[in-house]
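Notes for the one structure printed next.
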Amino acid sequence: MTLHWKLVADAADPHAQADFWAATLGYLVEDNSALIEGLLALGHASEADVVTAHGRRAWRDLIAVRHPDDAYDERTGTGLGRRILFQRVPEPKTGKNRLHLDVHAAPGERDAEAERLTGLGATVLRRVREPGGEWIIMADPEGAEFCVH
């Protein structure tokens with residue numbers, strides 16, 4: 001049996017992180033507004049639980065991005081395939097990631113991709129050249145490391 005999974009990332013500003021990673025990966029920011037509106041109407045959620053993002057209701061402390069080609073639940077807007085969930089946490093990032101994403105640019109486009117990501121708010125930390133390959137280590141807007149190959 002295979003398991004359904006998602007990658008969960010802690011964030012100070014989940015919506016900003018979701019926007020960055022959606023733009024980085026070509027993913028879509030999930031639209032959970034129908035679910036939220038229903039829960040608000042039933043009194044199971046409050047206005048304090050939500051914000052307006054992208055012109056629609058969204059959870060204040062949780063937002064996910066999903067691959068545009070993967071299935072999703074139309075009732076909730078929740079992706080059923082490749083997805084990253086960003087959750088608000090009060091504490092700042094304090095050390096090196098134990099898990100990170102590798103972004104693979106088209107052949108010969110690594111530097112151009114790193115430049116595009118810098119324009120989105122990423123930072124180049126260092127360039128690596130080893131017998132096994134070359135890549136660029138970057139940090140997203142909140143300092144989480146990732147690599148561009």
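Numbering starts fresh at 1 for the residues of each chain in the structure tokens, the chains themselves are lettered A, B, ... in the order given, and ligands are numbered from 1 as they appear.
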
inquiry  = Considering only strand (DSSP E or B) as DSSP defines it on the backbone, what residues of chain A qualify? List them as JSON, numbers by chain.
reply    = {"A": [7, 8, 9, 10, 11, 28, 29, 50, 51, 52, 53, 56, 57, 58, 59, 62, 63, 64, 65, 66, 72, 79, 83, 84, 85, 86, 87, 88, 102, 103, 123, 124, 125, 126, 127, 128, 129, 130, 133, 134, 135, 136, 137, 138, 139, 145, 146, 147, 148]}

message = Can you tell me which residues surround Ala34 (chain A) at a distance of at most 8 Å, considering only C-alpha atoms, apart from same-chain residues fewer than 5 positions away, and format the answer as a list of chain:residue names?
response =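 Final neighbour list, sorted by chain and number: A:Arg75, A:Thr76, A:Gly77.
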
key: Close residues, region 7-23 of chain A itself excluded, 12 Å, only C-alpha atoms, min 5 positions apart in chain, as number ranges by chain   = A: 28-31, 50-54, 57-68, 79, 81-94, 97-101, 103, 113, 116-122, 139-146

ask   = CA of Ala114 (chain A) to CA of Lys96 (chain A): how many Å, to one decimal?
value =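 If I compute the distance from CA of Ala114 (chain A) to CA of Lys96 (chain A), I get 20.1 Å.
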
query = Excluding same-chain residues fewer than 3 positions from Asp102 (chain A), what lies within 9 Å of it counting only C-alpha atoms, as a list in words?
reply = Phe146, Cys147, Val148 and His149 of chain A

Please, could you write that set of residues out with C-alpha atoms as a compact mmCIF listing (two decimals), in the first residue's frame?
```txt
# COMPACT_ATOMS: atom_id res chain seq x y z
CA PHE A 146 17.31 24.72 -1.15
CA CYS A 147 19.49 23.83 -4.14
CA VAL A 148 19.29 24.73 -7.79
CA HIS A 149 20.78 22.07 -10.06
```

inquiry  = With DSSP run on the backbone, what are the helix (DSSP H, G or I) residues within chain A? I'd like them as a PyMOL selection string.
reply    = chain A and resi 14-25+33-42+47-49+110-119

query = Hey, can you check how far CA of Ile136 (chain A) sits from CA of Asp69 (chain A)?
reply =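 Straight-line distance from CA of Ile136 (chain A) to CA of Asp69 (chain A) works out to 27.5 Å.
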
inquiry  = I'd like the contact shell of Arg127 (chain A) - 9 Å cut-off, only C-alpha atoms, skipping same-chain residues fewer than 2 positions apart - returned as a PyMOL selection string.
reply    = chain A and resi 124-125+129+134-138

ask   = What is the CA of Glu47 (chain A)-CA of Ser33 (chain A) distance in Å, reported with one decimal?
value =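 Between these atoms lies a distance of 12.7 Å.
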
task = Tell me which of A:Glu115, A:Ala48, A:Thr2, A:Glu74 sits closest to Leu35 (chain A), counting only C-alpha atoms.
result =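 The closest residue to Leu35 (chain A) is A:Glu74.
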